[in-house]
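Below: one structure, written as structure tokens.
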Amino acid sequence: MKLLKNRKFQIILIIAVFIVVAVLSINRFSGVNIIRNLVTIPITWIQKGINKADEYFAQKSFTRKQFQELLEENKVLKAENEDLREQNAGMSFLQDENQLLRDALSLKEIFDGYNIIGSNIMGSDPGNFVYRYKIDIGTRDKVKQDMPVVAANNALYGRIYSVNYTTSVIIPIIDENAGISGWISKEKGGHVNIKGDIRYKEDGLCLIENVSDGVELVVGDVVETSGFGGIYPKGILVGVIVEIFHDEITNERYGVLEPYVDFNSINTVFVMMEKTE
Amino acid sequence: MDGITKILKNRYFIIALIMLLIMIIFLGKLYKLQIIDGKLYISQSAVRIERRYKIHASRGNIYDRNGVLLAYNRECQNVYLTKAFTASENLNPTLLNLYDLLTQNNEKFLKSLTSVLEYNQEYETFVFNKDWTSQDLLAWQTRQDLFARAETAVQYDANDFFRYLRKYFYVDNTYSDLDAYKIVTLRYEILKMRPDYMSGYIEIASDVSLETVAYITENSHKLGGVSLRKSYVRAYTDEAALAAHIVGYVGLVSDKEMEDDVTLTSDYMIGKMGIEQYCEDYLRGEDGYAVVETDVSGKVLSVIEGKKPVNGNDVYLTIDIELQRASLDALAVTIEEIIAKADGTKNFGDANAAVAIVIDVDTGELLACANNKSFDPSWFIDSDEESVVKRLEAINDEANTPMFNRAIQALYTPGSIFKPIVAIAGLESKVINKDTLIECKMKTDIGGHNFTCLSWHGKINVTKAIEQSCNIFFNLLGVETGIDSIDAWARAFGLGVKTGIDLPNESRGIISNKEYKMQTFSESWWIADTAQSAIGQLYNNFTPVQIASYTATLASSGRKYTPHVILKIEDENGDILFEGDKSYTEVGISEETDATIREAMKLVAKEGTASRVFAKYPLVVAAKTGTAETGYEIDSSSNGLSIAYAPADSPEIAACVVIEKGVWGSYTVPALMRIFNEYFDIELEEEIVDDTLVTNEQ
């Protein structure tokens with residue numbers, strides 16, 4: 001009981017609780033998404049605060065002499081590093097910029113009627129119980145709601161869900177509120193409806209439903225956007241069918257679609273703006 | 001100040017301050033999530049709603065006898081509305097969006113309000129349907145299942161009533177009248193089907209385009225409660241239009257049909273004509289249902305339970321669609337030829353509607369049943385403008401009445417094709433034998449009435465009389481035989497009685513006899529009536545299918561089959577549920593009589609009124625022609641009829657052709673020849689019709 005009344009212990013306990021929550025929330029697809037979504041922003045700040053405090057206390061625990069030596073050593077290394085960084089910085093920036101522009105250009109060549117604007121994913125939007133991703137362009141960059149968002153490999157990522165002045169939120173295709181008019185391009189192919197589905201989004205998959213009798217579904221079929229739905233232009237790769245099943249009662253066929261986009265690894269996406277816009 | 005500075009520099013205070021700030025932000029976020037948006041998020045994330053919907057059974061297909069597809073089910077996409085448990089203020093924008101989408105894509109969708117209340121965009125005013133009386137408006141507005149207005153609150157001014165509807169359906173003033181009208185139109189449909197809307201789905205549009213499907217799929221976030229589901233609509237092949245009266249068509253169930261069959265609901269499409277109507281119970285199948293779990297927007301998450309529908313059964317017709325096509329072509333060409341011979345005295349060039357029936361003499365199966373005045377069943381299914389126009393034209397075409405199935409409903413005076421019946425009556429009643437001679441002097445007096453013939457035939461026997469179609473012979477024979485005997489034999493051959501064909505709305509026909517005259521005109525029978533009836537005139541009026549069946553019975557030496565168009569009905573596993581009735585009854589003519597009639601009809605084709613066509617025909621045919629006066633001969637041609645069977649000595653098929661205003665029976669015989677050409681696969685190397693041959697035209 002005495003320990004509980006100890007002020008230091010109290011602080012450490014509170015900090016420990018926050019750290020546990022923060023660690024659990026790091027995995028984007030972990031089971032504590034709701035908590036993670038709720039606390040993403042505050043936790044980030046807490047984490048930063050904790051790090052600073054940790055650094056502060058760590059420094060205090062060093063002897064002054066050790067600290068002085070380390071500072072000297074650090075100065076030398078910093079000087080060396082500065083030279084290298086200066087040489088490298090320009091190169092690295094140009095490489096990144098170049099890659100972004102190359103990707104944008106290649107998409108632009110495919111989608112002639114669109115301006116392709118690259119953007120970085122800042123993180124998941126913590127404001128909801130669903131998967132939303134925030135990017136660093138907004139109305140300032142002429143981004144509007146429902147604009148298609150693709151990855152560099154012409155793979156469909158999602159659409160713009162909401163827009164602020166400098167940022168926008170993307171709803172990815174695996175979200176249960178997402179829908180895509182898809183097309184299977186083969187002899188017995190045709191139109192299919194693709195929907196995000198609550199049962200599959202945890203695995204990063206979508207569902208193909210409402211399949212016409214004339215459309216043959218085969219595992220391995222590539223599905224792209226049909227261009228009929230008014231949001232996504234024709235020809236964006238959506239994914240590949242990985243599973244097919246049938247409901248006996250309704251006599252409906254379904255397909256499970258694995259998107260071409262890996263939502264865990266992509267940091268750069270492209271917003272497609274119709275040239276008239 | 002020192003105290004404050006000291007506190008501010010205290011590291012525990014700084015940490016506590018930071019923590020406090022974090023907590024404040026945290027609490028603010030929680031407040032927004034839990035208090036401001038909490039209700040919405042809870043509903044979106046946690047609520048799972050059970051809904052139930054009907055799975056319509058797939059209607060059975062209709063094929064011809066060789067498996068040629070005539071009627072089938074075309075897959076389609078339907079748009080459904082269901083109660084979305086999202087923010088209620090989203091409903092009006094959703095409905096407006098949906099209305100605009102469906103209108104823009106020219107979709108057929110429910111908007112029954114427009115039949116009562118219309119918005120005149122030009123004058124920006126509302127008007128009630130001008131055909132609706134005050135009583136109608138009163139009944140409508142006070143209906144308990146709709147607005148349930150008190151009688152005193154009923155509004156007879158359309159603008160006032162619309163204002164009421166805006167309020168009733170929570171359409172605020174931010175919407176223009178036009179947009180509000182669109183919203184109200186769809187909300188009215190929801191009101192009408194509220195139970196289904198709340199616990200299931202209401203079908204708001206059927207058979208929508210790919211563009212509509214794609215738009216709804218991609219814009220589902222703007223269309224909460226709107227969903228798509230695959231369904232099937234009836235469709236007809238081009239070949240079905242060749243046999244439209246047989247195949248029939250389907251239409252939405254009427255109130256009366258729902259009263260008659262409680263299993264029907266207003267969304268059913270049921271047979272309205274032909275086999276579609278006659279075989280409704282076989283074709284319809286048994287609906288299933290699904291109980292599904294949906295999210296708040298109505299999206300199906302899983303099927304909890306249900307019942308698989310049992311699909312309808314397939315009907316195979318006896319009709320050979322290629323022979324049907326050939327029969328129609330034969331009629332068209334023959335009518336053209338008749339019109340080309342117009343002389344303005346007997347032939348007014350007005351040959352028009354026609355029927356040709358081909359029947360298998362060993363089974364009673366109708367191999368062809370061609371009406372040249374017809375329609376396309378697709379007009380009654382498709383909603384495109386052209387189909388709608390053609391449908392209305394067909395329904396309202398009083399001159400040609402293409403919706404009328406002449407083959408089983410129209411009544412035609414048979415004229416001379418009735419003479420074999422009188423001959424059979426005379427022979428079987430021993431009034432004459434095959435050698436008995438009766439003298440034709442071109443005219444005679446019977447019961448104070450003059451009867452005439454087209455030629456002076458002199459003394460002729462029954463065979464010659466049939467070959468030459470001598471009127472006087474049959475006037476006199478009829479009188480000798482008596483109307484009762486003629487009446488009995490005509491009935492035995494199925495004339496003037498329903499054949500029992502497996503199609504709806506068959507006419508009974510009229511047989512000229514004492515009973516009919518008394519019942520209809522309250523007059524006694526005179527001997528002259530018998531003389532007139534004996535040449536197929538007076539009250540005799542038969543349907544083409546009766547005439548065809550009678551011909552087939554002559555061909556099969558008195559075996560009378562029930563004419564039918566259903567070959568078989570199969571379930572989806574291919575098991576046969578029903579087969580056309582191939583049993584027969586014997587009419588009871590003697591071999592001698594049969595031989596006499598057969599011989600006479602062969603002579604008709606060889607030397608008589610059908611000889612221009614069949615004299616040089618590579619197949620021996622037995623035939624008889626008939627010319628039926630209509631009473632309008634002053635400026636209108638008589639009807640022409642002909643019957644035949646072939647091969648004459650071992651018949652396979654019998655056929656009849658009726659051409660309204662076809663002038664002479666003999667003029668219709670080329671149509672028979674063209675039908676036989678198709679059936680027997682005969683290709684004539686040269687023209688065999690000899691128009692120079694002088695024969696009695698009757």
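As shown in the structure tokens, the chain order sets the letters A, B, ...; within each chain, residues go from 1, and ligands are also counted from 1 in the order they appear.
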
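Distance criterion 7 Å to chain A, applied with only C-alpha atoms, yields Ile22, Phe26, Glu211, Ala214, Tyr215, Thr217, Glu218, Ser220, His221, Arg229, Lys230, Ala290, Gly306, Lys307 and Lys308 of chain B on chain B.
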
Distance in Å - CA of Leu554 (chain B) versus CA of Ile688 (chain B): 26.2 Å

Strand (DSSP E or B) positions in region 143-197 of chain A, given as number ranges by chain: A: 148-150, 155-163, 168-172, 179-184, 190-196

Got time to write the residues from that selection, N, CA and C atoms, as a PDB file, in the first residue's frame?
```
ATOM      1  N   PRO A 148     -10.412   8.449 -57.501  1.00  0.00           N
ATOM      2  CA  PRO A 148      -9.760   7.145 -57.342  1.00  0.00           C
ATOM      3  C   PRO A 148      -8.322   7.298 -56.851  1.00  0.00           C
ATOM      4  N   VAL A 149      -7.891   6.325 -56.095  1.00  0.00           N
ATOM      5  CA  VAL A 149      -6.515   6.321 -55.600  1.00  0.00           C
ATOM      6  C   VAL A 149      -5.888   4.993 -56.004  1.00  0.00           C
ATOM      7  N   VAL A 150      -4.726   5.086 -56.642  1.00  0.00           N
ATOM      8  CA  VAL A 150      -4.058   3.866 -57.087  1.00  0.00           C
ATOM      9  C   VAL A 150      -2.640   3.818 -56.551  1.00  0.00           C
ATOM     10  N   ALA A 155      -2.379  -0.528 -59.402  1.00  0.00           N
ATOM     11  CA  ALA A 155      -3.259  -1.358 -58.579  1.00  0.00           C
ATOM     12  C   ALA A 155      -4.190  -0.439 -57.793  1.00  0.00           C
ATOM     13  N   LEU A 156      -5.461  -0.816 -57.768  1.00  0.00           N
ATOM     14  CA  LEU A 156      -6.441   0.042 -57.106  1.00  0.00           C
ATOM     15  C   LEU A 156      -6.260   0.018 -55.588  1.00  0.00           C
ATOM     16  N   TYR A 157      -6.201   1.200 -55.026  1.00  0.00           N
ATOM     17  CA  TYR A 157      -6.030   1.326 -53.578  1.00  0.00           C
ATOM     18  C   TYR A 157      -7.370   1.653 -52.913  1.00  0.00           C
ATOM     19  N   GLY A 158      -8.080   2.598 -53.492  1.00  0.00           N
ATOM     20  CA  GLY A 158      -9.366   2.989 -52.919  1.00  0.00           C
ATOM     21  C   GLY A 158      -9.834   4.286 -53.539  1.00  0.00           C
ATOM     22  N   ARG A 159     -10.604   5.010 -52.780  1.00  0.00           N
ATOM     23  CA  ARG A 159     -11.067   6.309 -53.265  1.00  0.00           C
ATOM     24  C   ARG A 159     -10.976   7.307 -52.121  1.00  0.00           C
ATOM     25  N   ILE A 160     -11.041   8.588 -52.493  1.00  0.00           N
ATOM     26  CA  ILE A 160     -10.972   9.636 -51.472  1.00  0.00           C
ATOM     27  C   ILE A 160     -12.302   9.647 -50.713  1.00  0.00           C
ATOM     28  N   TYR A 161     -12.198   9.540 -49.434  1.00  0.00           N
ATOM     29  CA  TYR A 161     -13.398   9.496 -48.584  1.00  0.00           C
ATOM     30  C   TYR A 161     -13.755  10.892 -48.086  1.00  0.00           C
ATOM     31  N   SER A 162     -12.737  11.609 -47.612  1.00  0.00           N
ATOM     32  CA  SER A 162     -12.981  12.984 -47.147  1.00  0.00           C
ATOM     33  C   SER A 162     -11.728  13.805 -47.397  1.00  0.00           C
ATOM     34  N   VAL A 163     -11.924  15.102 -47.473  1.00  0.00           N
ATOM     35  CA  VAL A 163     -10.808  15.974 -47.832  1.00  0.00           C
ATOM     36  C   VAL A 163     -10.730  17.162 -46.878  1.00  0.00           C
ATOM     37  N   SER A 168      -6.098  14.315 -46.918  1.00  0.00           N
ATOM     38  CA  SER A 168      -7.333  13.624 -47.338  1.00  0.00           C
ATOM     39  C   SER A 168      -7.339  12.246 -46.708  1.00  0.00           C
ATOM     40  N   VAL A 169      -8.523  11.676 -46.644  1.00  0.00           N
ATOM     41  CA  VAL A 169      -8.642  10.323 -46.101  1.00  0.00           C
ATOM     42  C   VAL A 169      -9.108   9.400 -47.225  1.00  0.00           C
ATOM     43  N   ILE A 170      -8.419   8.272 -47.316  1.00  0.00           N
ATOM     44  CA  ILE A 170      -8.761   7.288 -48.356  1.00  0.00           C
ATOM     45  C   ILE A 170      -9.546   6.154 -47.716  1.00  0.00           C
ATOM     46  N   ILE A 171     -10.580   5.705 -48.419  1.00  0.00           N
ATOM     47  CA  ILE A 171     -11.267   4.481 -47.992  1.00  0.00           C
ATOM     48  C   ILE A 171     -10.722   3.371 -48.894  1.00  0.00           C
ATOM     49  N   PRO A 172     -10.058   2.394 -48.335  1.00  0.00           N
ATOM     50  CA  PRO A 172      -9.444   1.360 -49.176  1.00  0.00           C
ATOM     51  C   PRO A 172     -10.481   0.366 -49.684  1.00  0.00           C
ATOM     52  N   GLY A 179     -17.087  -0.240 -52.771  1.00  0.00           N
ATOM     53  CA  GLY A 179     -17.652  -1.072 -53.832  1.00  0.00           C
ATOM     54  C   GLY A 179     -17.007  -0.713 -55.152  1.00  0.00           C
ATOM     55  N   ILE A 180     -16.813  -1.705 -55.978  1.00  0.00           N
ATOM     56  CA  ILE A 180     -16.156  -1.466 -57.273  1.00  0.00           C
ATOM     57  C   ILE A 180     -16.904  -2.245 -58.344  1.00  0.00           C
ATOM     58  N   SER A 181     -17.117  -1.586 -59.445  1.00  0.00           N
ATOM     59  CA  SER A 181     -17.657  -2.276 -60.610  1.00  0.00           C
ATOM     60  C   SER A 181     -16.469  -2.900 -61.331  1.00  0.00           C
ATOM     61  N   GLY A 182     -16.378  -4.229 -61.254  1.00  0.00           N
ATOM     62  CA  GLY A 182     -15.202  -4.906 -61.804  1.00  0.00           C
ATOM     63  C   GLY A 182     -15.484  -5.602 -63.113  1.00  0.00           C
ATOM     64  N   TRP A 183     -14.419  -6.016 -63.747  1.00  0.00           N
ATOM     65  CA  TRP A 183     -14.536  -6.687 -65.044  1.00  0.00           C
ATOM     66  C   TRP A 183     -13.485  -7.774 -65.140  1.00  0.00           C
ATOM     67  N   ILE A 184     -13.918  -8.945 -65.553  1.00  0.00           N
ATOM     68  CA  ILE A 184     -12.958 -10.024 -65.807  1.00  0.00           C
ATOM     69  C   ILE A 184     -12.792 -10.112 -67.312  1.00  0.00           C
ATOM     70  N   GLY A 190     -16.704 -10.997 -67.781  1.00  0.00           N
ATOM     71  CA  GLY A 190     -17.780 -10.021 -67.773  1.00  0.00           C
ATOM     72  C   GLY A 190     -17.761  -9.212 -66.504  1.00  0.00           C
ATOM     73  N   HIS A 191     -18.919  -8.609 -66.250  1.00  0.00           N
ATOM     74  CA  HIS A 191     -19.005  -7.686 -65.111  1.00  0.00           C
ATOM     75  C   HIS A 191     -19.181  -8.434 -63.792  1.00  0.00           C
ATOM     76  N   VAL A 192     -18.495  -7.950 -62.766  1.00  0.00           N
ATOM     77  CA  VAL A 192     -18.692  -8.475 -61.409  1.00  0.00           C
ATOM     78  C   VAL A 192     -18.722  -7.303 -60.427  1.00  0.00           C
ATOM     79  N   ASN A 193     -19.435  -7.517 -59.344  1.00  0.00           N
ATOM     80  CA  ASN A 193     -19.461  -6.506 -58.286  1.00  0.00           C
ATOM     81  C   ASN A 193     -18.434  -6.882 -57.233  1.00  0.00           C
ATOM     82  N   ILE A 194     -17.598  -5.949 -56.869  1.00  0.00           N
ATOM     83  CA  ILE A 194     -16.589  -6.208 -55.843  1.00  0.00           C
ATOM     84  C   ILE A 194     -16.942  -5.350 -54.629  1.00  0.00           C
ATOM     85  N   LYS A 195     -16.953  -5.986 -53.487  1.00  0.00           N
ATOM     86  CA  LYS A 195     -17.301  -5.259 -52.269  1.00  0.00           C
ATOM     87  C   LYS A 195     -16.280  -5.569 -51.180  1.00  0.00           C
ATOM     88  N   GLY A 196     -15.978  -4.551 -50.389  1.00  0.00           N
ATOM     89  CA  GLY A 196     -15.276  -4.826 -49.156  1.00  0.00           C
ATOM     90  C   GLY A 196     -16.226  -5.578 -48.256  1.00  0.00           C
TER      91      GLY A 196
END
```

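A straight line drawn from CA of Met122 (chain A) to CA of Ala16 (chain A) is 26.6 Å long.
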
Region 268-274 of chain A environment, 8 Å, only C-alpha atoms, sequence neighbours closer than 4 positions dropped, as a list in words: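 Non-adjacent residues within range: Ala104, Gly113, Tyr114, Asn115, Ile116, Ile117, Gly118, Ser119, Asn120, Ile121, Val143, Met147, Pro148, Val149, Val150, Ala151, Ala152 and Tyr157 of chain A.
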
Atomic separation - CA of Gly248 (chain B) relative to CA of Asn66 (chain B), Å: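 So the answer is 18.8 Å.
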
B:Ala425, B:Val657, B:Ala356, B:Val565 ranked by distance to Ile597 (chain B), top pick (using only C-alpha atoms):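 When distances to Ile597 (chain B) are compared using only C-alpha atoms, the smallest one comes from B:Ala425.
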